[in-house]
Amino acid sequence: MSDFSEELKGPVTDDEEVETSVRSGAGMHFPWLQTYVETVAIGGKRKKDFAQTTSACLSFIQEALLKHQWQQAAEYMYSYFQTLEDSDSYKRQAAPEIIWKLGSEILFYHPKSNMETFNTFADRMKNIGVMNYLKISLQHALYLLHHGMLKDAKRNLSEAETWRHGENTSSREILINLIQAYKGLLQYYTWSKKKMELSKLDKDDYAYNAVAQDVFNHSWKTSANISALIKIPGVWDPFVKSYVEMLEFYGDRDGAQEVLTNYAYDEKFPSNPNAHIYLYNFLKRQKAPRSKLISVLKILYQIVPSHKLMLEFHTLLRKSEKEEHRKLGLEVLFGVLDFAGCTKNITAWKYLAKYLKNILMGNHLAWVQEEWNSRKNWWPGFHFSYFWAKSDWKEDTALACEKAFVAGLLLGKGCRYFRYILKQDHQILGKKIKRMKRSVKKYSIVNPRL
């Protein structure tokens with residue numbers, strides 16, 4: 001066991017009971033500076049005030065955590081245990097949760113910490129803070145999952161699932177549902193492996209029926225553990241995805257769609273872009289009508305206008321027979337390119353270049369002007385400066401050509417970005433640049449003939 005673990009779990013000897021040592025009633029010991037834990041030194045004076053001592057100790061711990069000084073934080077931590085005996089009942093009740101959060105953080109990152117040390121700490125904190133037993137058990141299980149200890153995590157969750165203490169409250173019920181759901185995720189993991197195993201077997205194989213029954217049994221357990229949680233308003237992405245995958249696997253498409261629709265549209269649930277993404281992908285797999293796909297992505301557009309699915313949204317709108325949809329298709333492209341993370345997206349620029357030309361050829365100048373009027377004061381510097389022309393041409397000539405075409409259509413042939421690209425000598429892109437020049441001359445929105 002590491003030195004750190006020994007210090008955490010080892011008993012205190014008589015030789016260590018010197019003035020500069022610190023120990024806790026739980027038998028854990030750190031031989032460190034008593035000046036920081038028994039008193040607070042201010043201006044050379046020592047104040048032996050319990051509240052000030054614990055408050056100062058908490059400040060030292062927080063500062064050490066911010067600086068990633070894990071050993072120093074651990075040493076202060078043992079002194080902070082005295083808050084468990086605070087005369088203030090509110091502070092005494094809050095202490096176990098604070099100690100757990102700080103201590104688990106320290107043990108997670110401390111270079112000398114190990115699994116045994118963390119497990120010992122977690123078990124002690126569960127017994128000290130019985131009101132936090134479920135929460136600590138869940139976080140302990142997540143720690144075990146992080147280290148790949150699936151069986152231990154499942155056993156931990158099963159013990160927490162059956163634990164009862166005091167009155168049953170709504171918050172405790174939610175925690176129980178969450179514990180059951182995480183247990184369900186572990187069962188889903190086993191189900192996925194069994195399903196993969198089943199896919200490799202021939203139906204005539206003697207082992208097929210046994211594996212198929214095993215897969216079904218795991219799916220039933222998973223469904224039972226997850227279904228209760230996802231009905232409670234919240235963000236339950238991994239649970240919903242797992243549950244829907246199983247429903248689809250067994251052919252319950254109506255059930256899967258109902259789950260996803262409620263998750264996306266129930267007003268009691270918080271706004272969640274992923275809920276609409278899951279519903280869209282499901283409807284797409286089911287080859288749903290274009291109108292349904294558009295209605296789902298329209299809401300996603302309002303939440304995350306720069307999402308990568310917006311290019312699919314544009315394609316659906318562009319193919320629609322409704323004029324309002326085709327107009328929205330232009331708005332969506334401009335909306336995507338409003339974001340800095342999308343400025344190099346060549347697909348978005350290709351779509352915009354082609355769509356602008358088609359719209360102007362179709363005599364919908366007003367659509368373009370409506371979008372451009374709110375951007376004409378900042379897009380030129382954001383997208384079409386001389387600096388970007390040089391940079392884009394150097395990094396990606398295809399991207400530079402698409403942007404130059406858009407710049408020419410919106411700003412005219414006098415645009416510096418457009419002129420710079422026009423002057424470049426490129427054998428492969430030469431013909432494309434000439435066609436771009438003719439199109440800009442004919443369709444630019446600054447052309448008085450339009």
# chains A, B, ... in the order shown; residues from 1 in each chain; ligands from 1

call {"tool": "residues_around", "arguments": {"residues": "Lys183 (chain A)", "least_positions_apart": "4", "cutoff": "9 Å", "atoms": "only C-alpha atoms", "output": "list in words"}}
result
Ala153, Lys154, Leu157, Ser158, Leu178, Ile179, Gln187, Tyr188, Thr222, Asn225 and Ile226 of chain A

call {"tool": "closest_atom_pairs", "arguments": {"of": "region 221-318 of chain A", "to": "region 339-358 of chain A", "cutoff": "10 Å", "atoms": "only C-alpha atoms", "output": "tab-separated table"}}
result
residue	atom	partner	partner_atom	distance
A:Pro305	CA	A:Phe339	CA	8.9
A:Ser306	CA	A:Phe339	CA	6.7
A:His307	CA	A:Cys342	CA	9.4
A:Lys308	CA	A:Cys342	CA	9.2
A:Met310	CA	A:Ala348	CA	9.4
A:Leu311	CA	A:Ala348	CA	6.9
A:His314	CA	A:Tyr351	CA	8.7
A:Thr315	CA	A:Tyr351	CA	8.9
A:Arg318	CA	A:Tyr355	CA	8.6

call {"tool": "write_last_selection", "arguments": {"atoms": "C-alpha atoms", "output": "PDB file, in the first residue's frame"}}
result
ATOM      1  CA  PRO A 305     -28.718  27.233 -35.070  1.00  0.00           C
ATOM      2  CA  SER A 306     -25.111  26.157 -35.675  1.00  0.00           C
ATOM      3  CA  HIS A 307     -25.680  22.407 -35.205  1.00  0.00           C
ATOM      4  CA  LYS A 308     -24.261  20.171 -37.938  1.00  0.00           C
ATOM      5  CA  MET A 310     -28.699  22.332 -39.944  1.00  0.00           C
ATOM      6  CA  LEU A 311     -27.170  21.484 -43.317  1.00  0.00           C
ATOM      7  CA  HIS A 314     -31.442  23.205 -45.287  1.00  0.00           C
ATOM      8  CA  THR A 315     -31.562  20.332 -47.785  1.00  0.00           C
ATOM      9  CA  ARG A 318     -34.746  23.429 -50.208  1.00  0.00           C
TER      10      ARG A 318
END

call {"tool": "residues_around", "arguments": {"residues": "Ala64 (chain A)", "least_positions_apart": "2", "cutoff": "12 Å", "atoms": "only C-alpha atoms", "output": "JSON, numbers by chain"}}
result
{"A": [57, 58, 59, 60, 61, 62, 66, 67, 68, 69, 70, 71, 72, 73, 74, 75, 76, 77, 102, 105, 106, 110]}

call {"tool": "select_by_dssp", "arguments": {"residues": "region 251-447 of chain A", "states": "helix (DSSP H, G or I)", "output": "VMD selection string"}}
result
chain A and resid 253 to 265 273 to 285 290 to 303 310 to 319 323 to 337 340 to 342 346 to 361 365 to 373 379 to 383 386 to 395 397 to 411 416 to 422 430 to 443

call {"tool": "residues_around", "arguments": {"residues": "Leu422 (chain A)", "least_positions_apart": "4", "cutoff": "9 Å", "atoms": "only C-alpha atoms", "output": "list in words"}}
result
Cys401, Ala404, Tyr417, Phe418, Ile433, Lys434, Met436 and Lys437 of chain A

call {"tool": "write_last_selection", "arguments": {"atoms": "N, CA, C and O atoms", "output": "compact mmCIF listing (two decimals), in the first residue's frame"}}
result
# COMPACT_ATOMS: atom_id res chain seq x y z
N CYS A 401 -12.72 29.91 -53.09
CA CYS A 401 -13.54 30.16 -54.28
C CYS A 401 -15.02 30.26 -53.93
O CYS A 401 -15.75 31.13 -54.44
N ALA A 404 -15.56 33.49 -52.11
CA ALA A 404 -15.42 34.62 -53.03
C ALA A 404 -16.70 34.82 -53.83
O ALA A 404 -17.12 35.95 -54.08
N TYR A 417 -12.16 40.74 -50.97
CA TYR A 417 -12.02 39.28 -50.96
C TYR A 417 -12.21 38.74 -52.37
O TYR A 417 -11.40 37.94 -52.86
N PHE A 418 -13.26 39.18 -53.03
CA PHE A 418 -13.58 38.73 -54.39
C PHE A 418 -12.45 39.09 -55.36
O PHE A 418 -12.00 38.27 -56.17
N ILE A 433 -13.24 30.21 -61.78
CA ILE A 433 -13.14 31.62 -61.40
C ILE A 433 -13.74 32.51 -62.48
O ILE A 433 -14.41 33.51 -62.18
N LYS A 434 -13.54 32.16 -63.75
CA LYS A 434 -14.12 32.94 -64.84
C LYS A 434 -15.65 32.86 -64.82
O LYS A 434 -16.34 33.86 -65.03
N MET A 436 -17.46 32.27 -62.19
CA MET A 436 -17.85 33.01 -61.00
C MET A 436 -17.91 34.51 -61.29
O MET A 436 -18.85 35.20 -60.88
N LYS A 437 -16.94 35.01 -62.06
CA LYS A 437 -16.90 36.43 -62.42
C LYS A 437 -18.12 36.83 -63.23
O LYS A 437 -18.74 37.88 -62.98

call {"tool": "atom_distance", "arguments": {"atom1": "CA of Arg172 (chain A)", "atom2": "CA of Val244 (chain A)"}}
result
26.1 Å

call {"tool": "closest_residue", "arguments": {"among": "A:Ala288, A:Val332, A:Ala228, A:Ala398", "to": "Gln257 (chain A)", "atoms": "only C-alpha atoms"}}
result
A:Ala288
